[in-house]
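Source file: my_file_35.cif. Holds: mmCIF, C-alpha atoms and all ligand atoms.
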data_protein
#
loop_
_atom_site.label_atom_id
_atom_site.label_comp_id
_atom_site.auth_asym_id
_atom_site.auth_seq_id
_atom_site.Cartn_x
_atom_site.Cartn_y
_atom_site.Cartn_z
CA MET P 69 134.64 97.27 134.80
CA HIS P 70 137.58 96.71 132.48
CA LEU P 71 139.21 94.12 130.28
CA SER P 72 142.52 93.12 131.83
CA HIS P 73 143.69 90.48 129.42
CA LEU P 74 143.14 89.35 125.83
CA LYS P 75 144.26 86.10 124.28
CA LEU P 76 143.79 85.45 120.56
CA THR P 77 144.34 82.23 118.66
CA GLN P 78 144.01 82.15 114.88
CA PHE P 79 141.82 85.25 114.91
CA LYS P 80 142.05 87.35 111.70
CA ASN P 81 145.75 88.09 111.14
CA TYR P 82 146.78 86.98 114.66
CA GLU P 83 148.21 83.50 115.08
CA SER P 84 148.70 83.67 118.82
CA GLN P 85 148.60 86.81 120.92
CA HIS P 86 148.46 87.64 124.64
CA LEU P 87 147.95 91.23 125.81
CA ASP P 88 147.59 92.79 129.27
CA PHE P 89 145.74 96.09 129.34
CA SER P 90 145.65 99.26 131.38
CA PRO P 91 142.28 99.80 133.09
CA ARG P 92 142.23 103.30 131.56
CA LEU P 93 143.79 104.01 128.19
CA ASN P 94 145.25 101.60 125.65
CA CYS P 95 146.58 102.65 122.25
CA PHE P 96 147.25 100.35 119.33
CA VAL P 97 149.77 101.99 117.01
CA GLY P 98 150.92 100.67 113.65
CA PHE P 99 150.85 100.96 109.87
CA ASN P 100 147.70 100.46 107.81
CA GLY P 101 146.70 96.83 107.67
CA ALA P 102 148.88 95.84 110.64
CA GLY P 103 145.94 94.52 112.70
CA LYS P 104 144.93 97.40 114.99
CA THR P 105 141.23 97.31 114.14
CA ASN P 106 141.28 93.53 114.47
CA LEU P 107 142.17 93.96 118.14
CA LEU P 108 139.18 96.26 118.67
CA GLU P 109 137.07 93.74 116.82
CA ALA P 110 138.24 90.96 119.18
CA ILE P 111 137.26 93.09 122.19
CA TYR P 112 133.89 93.77 120.59
CA TYR P 113 133.40 90.01 120.13
CA LEU P 114 134.04 89.45 123.83
CA CYS P 115 131.39 92.03 124.75
CA MET P 116 128.78 91.50 122.07
CA SER P 117 129.40 87.90 120.94
CA LYS P 118 129.89 89.13 117.38
CA GLY P 119 132.01 91.48 115.33
CA TYR P 120 130.76 94.96 114.49
CA GLY P 121 129.54 96.33 111.16
CA SER P 122 129.30 93.65 108.54
CA THR P 123 131.86 91.26 110.06
CA VAL P 124 131.05 87.63 109.34
CA ASP P 125 132.24 84.99 111.86
CA GLN P 126 133.71 82.77 109.16
CA TYR P 127 135.98 85.58 107.95
CA SER P 128 137.23 86.20 111.47
CA ILE P 129 139.01 82.84 111.40
CA ARG P 130 142.59 83.24 110.24
CA HIS P 131 142.97 82.30 106.55
CA GLY P 132 143.81 78.61 106.19
CA ASP P 133 142.72 77.71 109.74
CA ARG P 134 139.55 75.88 110.80
CA GLY P 135 138.76 77.72 113.98
CA ALA P 136 139.53 80.79 116.05
CA ARG P 137 139.45 81.51 119.76
CA ILE P 138 139.13 84.84 121.56
CA GLY P 139 139.67 84.77 125.30
CA GLY P 140 139.37 87.69 127.70
CA THR P 141 139.28 88.49 131.40
CA PHE P 142 136.94 91.20 132.63
CA VAL P 143 137.57 92.68 136.05
CA LEU P 144 134.30 93.82 137.59
CA ASP P 145 133.85 96.72 139.99
CA ASP P 146 133.90 94.39 143.03
CA GLU P 147 137.24 92.92 141.77
CA ARG P 148 135.59 89.66 140.69
CA GLU P 149 136.94 88.33 137.41
CA ASP P 150 134.92 86.86 134.55
CA ARG P 151 136.71 84.77 131.96
CA ILE P 152 135.02 84.85 128.55
CA VAL P 153 135.90 82.64 125.60
CA VAL P 154 134.44 82.94 122.10
CA LYS P 155 135.06 79.89 119.91
CA LEU P 156 134.50 80.16 116.18
CA ARG P 157 134.58 77.06 113.98
CA LYS P 158 134.09 76.77 110.23
CA ARG P 159 130.52 75.67 109.45
CA GLN P 160 129.62 75.19 113.11
CA ARG P 161 127.68 77.25 115.63
CA LYS P 162 129.86 79.56 117.67
CA VAL P 163 130.24 78.83 121.36
CA ILE P 164 130.58 81.45 124.08
CA GLU P 165 131.70 80.47 127.55
CA ARG P 166 131.64 82.44 130.76
CA ASN P 167 133.87 81.11 133.52
CA GLY P 168 134.05 77.72 131.80
CA THR P 169 130.32 77.26 131.10
CA ALA P 170 128.82 77.69 127.64
CA TYR P 171 125.72 79.86 127.37
CA ALA P 172 122.58 78.08 126.21
CA ARG P 173 121.54 81.27 124.40
CA ILE P 174 124.02 83.84 123.20
CA SER P 175 121.57 86.61 124.11
CA GLU P 176 122.29 85.82 127.79
CA HIS P 177 125.77 87.22 127.23
CA VAL P 178 124.98 90.54 125.55
CA GLY P 179 124.86 93.49 127.97
CA ARG P 180 127.01 92.00 130.73
CA TYR P 181 130.07 93.87 129.45
CA PRO P 182 128.69 97.03 127.80
CA VAL P 183 130.67 98.47 124.91
CA VAL P 184 130.45 101.44 122.53
CA ILE P 185 132.49 101.74 119.37
CA VAL P 186 133.20 104.96 117.48
CA THR P 187 134.36 104.48 113.89
CA PRO P 188 134.64 106.76 110.85
CA ASP P 189 131.74 104.80 109.33
CA ASP P 190 129.41 106.21 111.99
CA ILE P 191 128.62 109.08 109.65
CA ASN P 192 126.50 106.52 107.79
CA LEU P 193 124.08 106.72 110.70
CA VAL P 194 123.03 110.01 109.17
CA LEU P 195 123.80 109.47 105.50
CA GLU P 196 122.57 105.92 104.85
CA GLY P 197 119.16 104.25 104.94
CA SER P 198 117.01 103.55 107.99
CA ALA P 199 118.57 100.12 108.68
CA THR P 200 121.72 101.73 110.14
CA ARG P 201 119.62 103.79 112.55
CA ARG P 202 117.55 100.77 113.61
CA LYS P 203 120.88 99.06 114.36
CA LEU P 204 121.73 101.89 116.76
CA LEU P 205 118.43 101.29 118.54
CA ASP P 206 118.88 97.52 118.53
CA ASN P 207 122.50 97.69 119.67
CA SER P 208 121.61 99.94 122.62
CA LEU P 209 118.45 98.11 123.65
CA SER P 210 119.98 94.63 123.28
CA GLN P 211 122.71 95.59 125.72
CA THR P 212 120.26 96.90 128.29
CA ASP P 213 117.46 94.33 127.95
CA PRO P 214 118.07 90.61 127.20
CA GLN P 215 114.37 90.15 126.37
CA TYR P 216 114.70 92.71 123.61
CA LEU P 217 117.36 90.72 121.81
CA ASN P 218 115.37 87.48 122.13
CA HIS P 219 112.30 89.17 120.66
CA LEU P 220 114.36 90.70 117.88
CA ILE P 221 115.85 87.33 116.93
CA THR P 222 112.36 85.74 116.93
CA TYR P 223 110.86 88.59 114.91
CA ASN P 224 113.59 88.49 112.27
CA ARG P 225 113.30 84.71 111.92
CA LEU P 226 109.51 84.92 111.47
CA LEU P 227 109.90 87.84 109.05
CA ASP P 228 112.28 85.76 106.91
CA ASN P 229 109.77 82.88 106.94
CA ARG P 230 106.91 85.20 106.06
CA ASN P 231 108.84 86.76 103.16
CA ALA P 232 109.83 83.31 101.89
CA ARG P 233 106.17 82.25 101.99
CA LEU P 234 105.11 85.39 100.07
CA LYS P 235 107.71 84.59 97.38
CA GLU P 236 106.57 80.99 97.23
CA LEU P 237 102.98 82.15 96.61
CA GLU P 238 104.14 84.22 93.60
CA GLY P 239 101.34 86.76 94.09
CA HIS P 240 98.55 84.22 94.69
CA PRO P 241 96.39 84.22 97.81
CA ASP P 242 97.44 81.92 100.65
CA HIS P 243 94.77 79.27 101.09
CA THR P 244 96.74 77.32 103.70
CA GLY P 245 96.56 80.10 106.32
CA LEU P 246 100.32 79.89 106.93
CA LEU P 247 100.75 83.65 106.53
CA GLY P 248 98.11 84.20 109.21
CA VAL P 249 100.07 81.93 111.55
CA TYR P 250 103.23 83.99 111.04
CA ASP P 251 101.27 87.21 111.55
CA ALA P 252 99.97 86.01 114.90
CA GLN P 253 103.37 84.76 116.04
CA MET P 254 105.04 88.05 115.09
CA GLU P 255 102.65 90.21 117.13
CA ALA P 256 104.19 89.72 120.60
CA PRO P 257 107.83 90.32 119.56
CA ALA P 258 106.81 93.23 117.32
CA MET P 259 104.86 94.96 120.07
CA TYR P 260 107.60 94.40 122.64
CA ILE P 261 110.23 95.91 120.36
CA PHE P 262 107.93 98.80 119.43
CA GLU P 263 107.23 99.68 123.08
CA LYS P 264 110.93 99.53 124.02
CA ARG P 265 111.98 101.68 121.08
CA LYS P 266 109.30 104.22 121.98
CA GLU P 267 110.50 104.35 125.59
CA PHE P 268 114.11 104.73 124.46
CA VAL P 269 113.66 108.05 122.69
CA ASP P 270 113.07 110.55 125.51
CA PRO P 271 115.96 109.63 127.86
CA PHE P 272 118.24 109.14 124.90
CA THR P 273 117.38 112.54 123.43
CA GLU P 274 118.19 114.20 126.73
CA LEU P 275 121.63 112.57 126.81
CA LEU P 276 122.16 113.39 123.14
CA THR P 277 121.39 117.07 123.69
CA GLN P 278 123.85 117.22 126.61
CA ALA P 279 126.59 115.43 124.65
CA TYR P 280 126.07 117.67 121.62
CA ALA P 281 126.30 120.84 123.70
CA THR P 282 129.58 119.58 125.22
CA ILE P 283 131.15 118.55 121.93
CA SER P 284 130.05 121.39 119.71
CA GLY P 285 129.65 124.16 122.28
CA ARG P 286 126.91 125.36 119.98
CA ARG P 287 123.40 126.56 120.48
CA GLU P 288 121.53 124.47 117.92
CA GLU P 289 118.99 122.14 119.44
CA VAL P 290 119.40 118.58 118.17
CA GLY P 291 116.86 115.86 118.64
CA LEU P 292 115.37 112.68 117.33
CA GLU P 293 111.95 111.39 116.53
CA TYR P 294 110.85 107.78 116.44
CA LYS P 295 108.61 106.87 113.51
CA SER P 296 106.77 103.60 113.35
CA GLN P 297 103.70 102.44 111.46
CA LEU P 298 102.57 101.09 114.83
CA LEU P 299 102.24 104.59 116.27
CA ASP P 300 99.07 105.05 114.20
CA THR P 301 97.57 101.60 114.14
CA GLY P 302 97.50 98.20 115.87
CA TRP P 303 99.36 95.12 114.67
CA GLU P 304 96.41 93.21 113.22
CA THR P 305 95.01 96.24 111.39
CA LEU P 306 98.44 97.10 110.02
CA LEU P 307 98.94 93.66 108.51
CA ALA P 308 95.36 93.49 107.22
CA GLU P 309 95.77 96.88 105.51
CA ARG P 310 99.01 95.75 103.88
CA ALA P 311 97.99 92.21 102.91
CA GLU P 312 97.23 93.07 99.29
CA LYS P 313 100.43 95.08 98.83
CA ASP P 314 102.49 92.31 100.46
CA ARG P 315 101.00 89.72 98.11
CA ILE P 316 101.79 91.80 95.01
CA LEU P 317 105.29 92.87 96.12
CA GLN P 318 106.01 89.42 97.63
CA ARG P 319 107.52 90.88 100.79
CA THR P 320 106.32 92.19 104.15
CA THR P 321 105.75 95.93 103.96
CA GLY P 322 104.40 96.52 107.48
CA GLY P 323 106.13 96.03 110.81
CA ILE P 324 108.90 97.21 113.07
CA HIS P 325 111.52 96.40 110.41
CA ARG P 326 110.25 99.59 108.73
CA ASP P 327 110.76 101.82 111.78
CA GLU P 328 112.82 104.97 111.40
CA LEU P 329 114.70 107.38 113.63
CA VAL P 330 114.60 110.92 112.28
CA PHE P 331 117.44 113.17 113.43
CA THR P 332 116.67 116.86 113.74
CA GLN P 333 118.47 120.16 114.18
CA ASP P 334 116.31 123.03 115.37
CA GLU P 335 113.36 120.87 114.30
CA HIS P 336 114.55 120.55 110.70
CA PRO P 337 115.81 117.27 109.23
CA LEU P 338 119.46 117.19 110.27
CA ARG P 339 120.75 115.85 106.99
CA ARG P 340 119.24 118.77 105.07
CA VAL P 341 120.45 121.62 107.27
CA ALA P 342 123.60 120.56 109.14
CA SER P 343 127.10 121.52 108.02
CA GLN P 344 129.81 118.82 107.74
CA GLY P 345 131.17 119.84 111.14
CA GLN P 346 127.74 119.77 112.73
CA LEU P 347 127.11 116.30 111.26
CA LYS P 348 130.36 114.97 112.71
CA SER P 349 129.62 116.47 116.13
CA PHE P 350 126.15 115.00 116.01
CA VAL P 351 127.39 111.51 115.21
CA LEU P 352 129.93 111.60 118.04
CA SER P 353 127.18 112.84 120.36
CA LEU P 354 125.02 109.86 119.41
CA LYS P 355 127.79 107.52 120.54
CA LEU P 356 128.46 109.41 123.76
CA ALA P 357 124.74 109.40 124.55
CA GLN P 358 124.72 105.67 123.92
CA TYR P 359 127.66 105.34 126.33
CA ARG P 360 125.83 107.20 129.11
CA LEU P 361 122.59 105.33 128.53
CA LEU P 362 124.35 101.95 128.74
CA GLU P 363 126.20 103.04 131.84
CA ARG P 364 122.96 104.09 133.50
CA SER P 365 120.99 100.96 132.55
CA THR P 366 123.67 98.33 133.17
CA ASN P 367 125.29 99.98 136.21
CA ARG P 368 128.66 99.29 134.63
CA THR P 369 131.09 101.64 132.94
CA PRO P 370 131.14 100.67 129.27
CA ILE P 371 134.33 100.02 127.38
CA LEU P 372 134.90 102.62 124.68
CA LEU P 373 136.59 101.66 121.39
CA LEU P 374 137.79 104.52 119.18
CA ASP P 375 138.80 103.28 115.74
CA ASP P 376 140.67 105.42 113.24
CA ILE P 377 139.35 108.68 114.65
CA PHE P 378 142.58 110.53 113.85
CA ASP P 379 142.52 109.83 110.15
CA LYS P 380 138.95 110.86 109.51
CA LEU P 381 138.04 113.46 112.11
CA ASP P 382 139.55 116.93 112.14
CA HIS P 383 142.20 117.76 114.73
CA GLU P 384 140.00 120.04 116.85
CA ARG P 385 137.24 117.49 117.19
CA VAL P 386 139.71 114.73 118.06
CA LYS P 387 141.25 116.92 120.76
CA GLN P 388 137.84 117.75 122.15
CA LEU P 389 136.76 114.12 122.10
CA LEU P 390 139.93 112.86 123.77
CA GLY P 391 139.78 115.59 126.40
CA LEU P 392 136.27 114.46 127.19
CA VAL P 393 136.75 110.69 127.24
CA MET P 394 139.95 110.84 129.25
CA GLY P 395 138.07 112.58 132.04
CA SER P 396 137.38 110.67 135.22
CA THR P 397 133.76 109.92 134.30
CA PHE P 398 134.81 107.57 131.53
CA GLY P 399 136.20 104.06 131.95
CA GLN P 400 138.52 101.95 129.86
CA LEU P 401 139.45 103.20 126.38
CA PHE P 402 141.05 101.55 123.38
CA ILE P 403 142.31 103.77 120.57
CA THR P 404 143.96 102.98 117.24
CA ASP P 405 146.44 105.30 115.53
CA THR P 406 148.87 105.08 112.64
CA ASP P 407 151.17 107.74 114.10
CA PRO P 408 153.04 106.77 117.29
CA GLU P 409 153.82 110.37 118.21
CA ARG P 410 150.39 111.89 117.73
CA ILE P 411 148.58 110.09 120.52
CA THR P 412 151.53 110.58 122.86
CA SER P 413 151.57 114.32 122.30
CA LEU P 414 147.82 114.54 122.81
CA ILE P 415 147.71 112.74 126.13
CA SER P 416 151.13 113.13 127.70
CA HIS P 417 150.16 116.43 129.33
CA ASP P 418 147.94 114.47 131.72
CA PRO P 419 150.18 112.35 133.98
CA ALA P 420 147.14 111.13 135.91
CA VAL P 421 146.02 108.97 133.01
CA GLU P 422 147.46 105.50 133.29
CA TRP P 423 148.10 104.28 129.78
CA GLN P 424 149.70 101.58 127.74
CA ARG P 425 150.89 101.80 124.15
CA PHE P 426 151.11 98.73 121.91
CA LEU P 427 152.99 98.64 118.65
CA VAL P 428 151.28 96.43 116.07
CA VAL P 429 153.30 94.93 113.21
CA ASP P 430 151.79 92.38 110.83
CA GLY P 431 149.56 90.58 113.30
CA VAL P 432 151.88 90.87 116.29
CA ALA P 433 151.20 93.40 119.08
CA ARG P 434 153.61 94.10 121.91
CA ASN P 435 153.97 96.84 124.45
CA GLU P 436 157.19 98.84 124.39
CA ALA P 437 159.04 96.77 127.00
CA GLU P 438 158.15 93.56 125.17
CA TRP P 439 159.37 94.95 121.84
CA LYS P 440 162.63 96.00 123.49
CA ARG P 441 163.16 92.53 124.93
CA PHE P 442 162.20 90.91 121.63
CA LEU P 443 164.63 93.06 119.62
CA GLU P 444 167.44 92.45 122.11
CA GLU P 445 166.91 88.70 121.84
CA GLU P 446 166.92 88.77 118.02
N1 LIG C 1 140.61 86.05 108.33
C1 LIG C 1 141.78 86.65 108.18
N2 LIG C 1 142.93 85.93 108.15
C2 LIG C 1 144.15 86.53 108.00
N3 LIG C 1 144.30 87.88 107.87
C3 LIG C 1 143.19 88.64 107.89
C4 LIG C 1 141.89 88.07 108.04
N4 LIG C 1 140.97 89.07 108.02
C5 LIG C 1 141.69 90.22 107.85
N5 LIG C 1 143.01 89.95 107.78
C6 LIG C 1 144.11 90.90 107.60
O1 LIG C 1 144.08 91.85 108.65
C7 LIG C 1 144.66 93.06 108.16
C8 LIG C 1 143.74 94.21 108.47
O2 LIG C 1 143.82 94.45 109.80
P1 LIG C 1 143.17 95.74 110.44
O3 LIG C 1 141.90 96.10 109.76
O4 LIG C 1 143.13 95.46 111.89
O5 LIG C 1 144.30 96.81 110.08
P2 LIG C 1 144.56 98.21 110.75
O6 LIG C 1 145.88 98.12 111.42
O7 LIG C 1 143.40 98.64 111.56
O8 LIG C 1 144.71 99.08 109.46
P3 LIG C 1 144.17 100.57 109.10
O9 LIG C 1 145.14 101.50 109.77
O10 LIG C 1 144.29 100.59 107.64
O11 LIG C 1 142.75 100.68 109.59
C9 LIG C 1 144.79 92.95 106.69
O12 LIG C 1 146.17 92.72 106.41
C10 LIG C 1 143.97 91.73 106.34
O13 LIG C 1 144.46 91.05 105.24
#
Would you mind writing the structure in this file as structure tokens?
Amino acid sequence: MHLSHLKLTQFKNYESQHLDFSPRLNCFVGFNGAGKTNLLEAIYYLCMSKGYGSTVDQYSIRHGDRGARIGGTFVLDDEREDRIVVKLRKRQRKVIERNGTAYARISEHVGRYPVVIVTPDDINLVLEGSATRRKLLDNSLSQTDPQYLNHLITYNRLLDNRNARLKELEGHPDHTGLLGVYDAQMEAPAMYIFEKRKEFVDPFTELLTQAYATISGRREEVGLEYKSQLLDTGWETLLAERAEKDRILQRTTGGIHRDELVFTQDEHPLRRVASQGQLKSFVLSLKLAQYRLLERSTNRTPILLLDDIFDKLDHERVKQLLGLVMGSTFGQLFITDTDPERITSLISHDPAVEWQRFLVVDGVARNEAEWKRFLEEE
């Protein structure tokens, strides 16, 4: 599977942009702030129906405009084409269409066109709080199981309602029984998510170990452990045990929103024992394991987006990573770089790799032939 075409209208710093891509490697080259990452973001929108990280839909609309449109054509393995359009409008629900028909639920879209993004911020998977690691779980499982995403959306909505109710009560007992209603409604989504997260760990760890050995060539054994309050107790008991604490703290202290993934190196907490280099290798391995897991579960080759890897990763690791992902077992790649020569020198030794380089200047991206024509016409 690959993305053959991208069409942007009023998206971030792009007014109007059409791009045709290579099925293998595509590089976006340009100065800082030119709009390279915005192109990766647009591709991510097409696959995941949203931007990555903390991107907010409203801020993806070009300043001063009232709406944005991202259109893309995916070519599937049997040569069929799927046309996807994401429409963002100020203060309105976003609409996603597949071959001209809008989805009733956006969760029906996620997972059809699997994607993995590698960014310098990935190091936060190790350094920051547990929410970033739950996102890794949720991102992977949402792409492989539409039910998972539906349950997650339901759970988060009920959790918000429950927390709002606890605040409203200001530490007093709930005589209306509303909290009990939320508790009962949360059980099915919570247990579904818990079971899926538990099942995720073993196959993922195996892929992680393989990826780490390839990237680092080292002997340390890396792993991960899933921690959940639900491993020790059932849903009803958990909430009953925490009822008093919840009332006093005015928030929900038990549930799958408190789950944690613990990363280990030779059975020690990774963060405590790993060197900087080992941390970076580990984080890349997480993403490559995610890639393989998605490939296996969706039966499609995911799209791989590599953002800013040259500026933040050391040269050796970048070389190793590129050598790996340009191999025949990977699919379509999109890479950003500020230096037009660097990427060329790294990949030009492999004539088998079909690639396309785009120069990005202030919200305009063109391949080399297009730039030449444009400059001749000027
Ligand atoms: N909603 C928006 N409307 C207009 N411009 C926007 C909008 N959101 C972001 N931008 C602009 O997009 C540019 C940032 O683009 P992007 O992050 O893609 O740059 P980049 O080429 O990846 O840079 P770097 O090399 O620094 O990562 C900035 O100039 C920013 O002002």
**Q.** Expected answer as a VMD selection string: residues within 10 Å of ligand LIG 1 (chain C), only C-alpha atoms and all ligand atoms
**A.** chain P and resid 78 to 83 96 to 110 123 to 133 136 375 to 376 379 404 to 407 428 to 431
Q. Just how far from atom CA of Asp190 of chain P is atom CA of Leu427 of chain P, in Å to one decimal?
A. 25.6 Å
Q: Skip Glu149 of chain P itself and residues of its chain fewer than 5 positions away, then list as a list in words all residues within 10 Å of it, counting all atoms listed in the file.
A: Met69, His70, Leu71, Ser72, Thr141, Phe142, Val143, Leu144 and Asn167 of chain P
Q. Nearest to Arg202 of chain P: which of P:Tyr280, P:Phe262, P:Tyr181, P:Phe402 is it, counting all atoms listed in the file?
A. P:Phe262
Q) Which distance in Å separates atom CA of Leu306 of chain P and atom CA of Ser210 of chain P, to one decimal? A) 25.4 Å
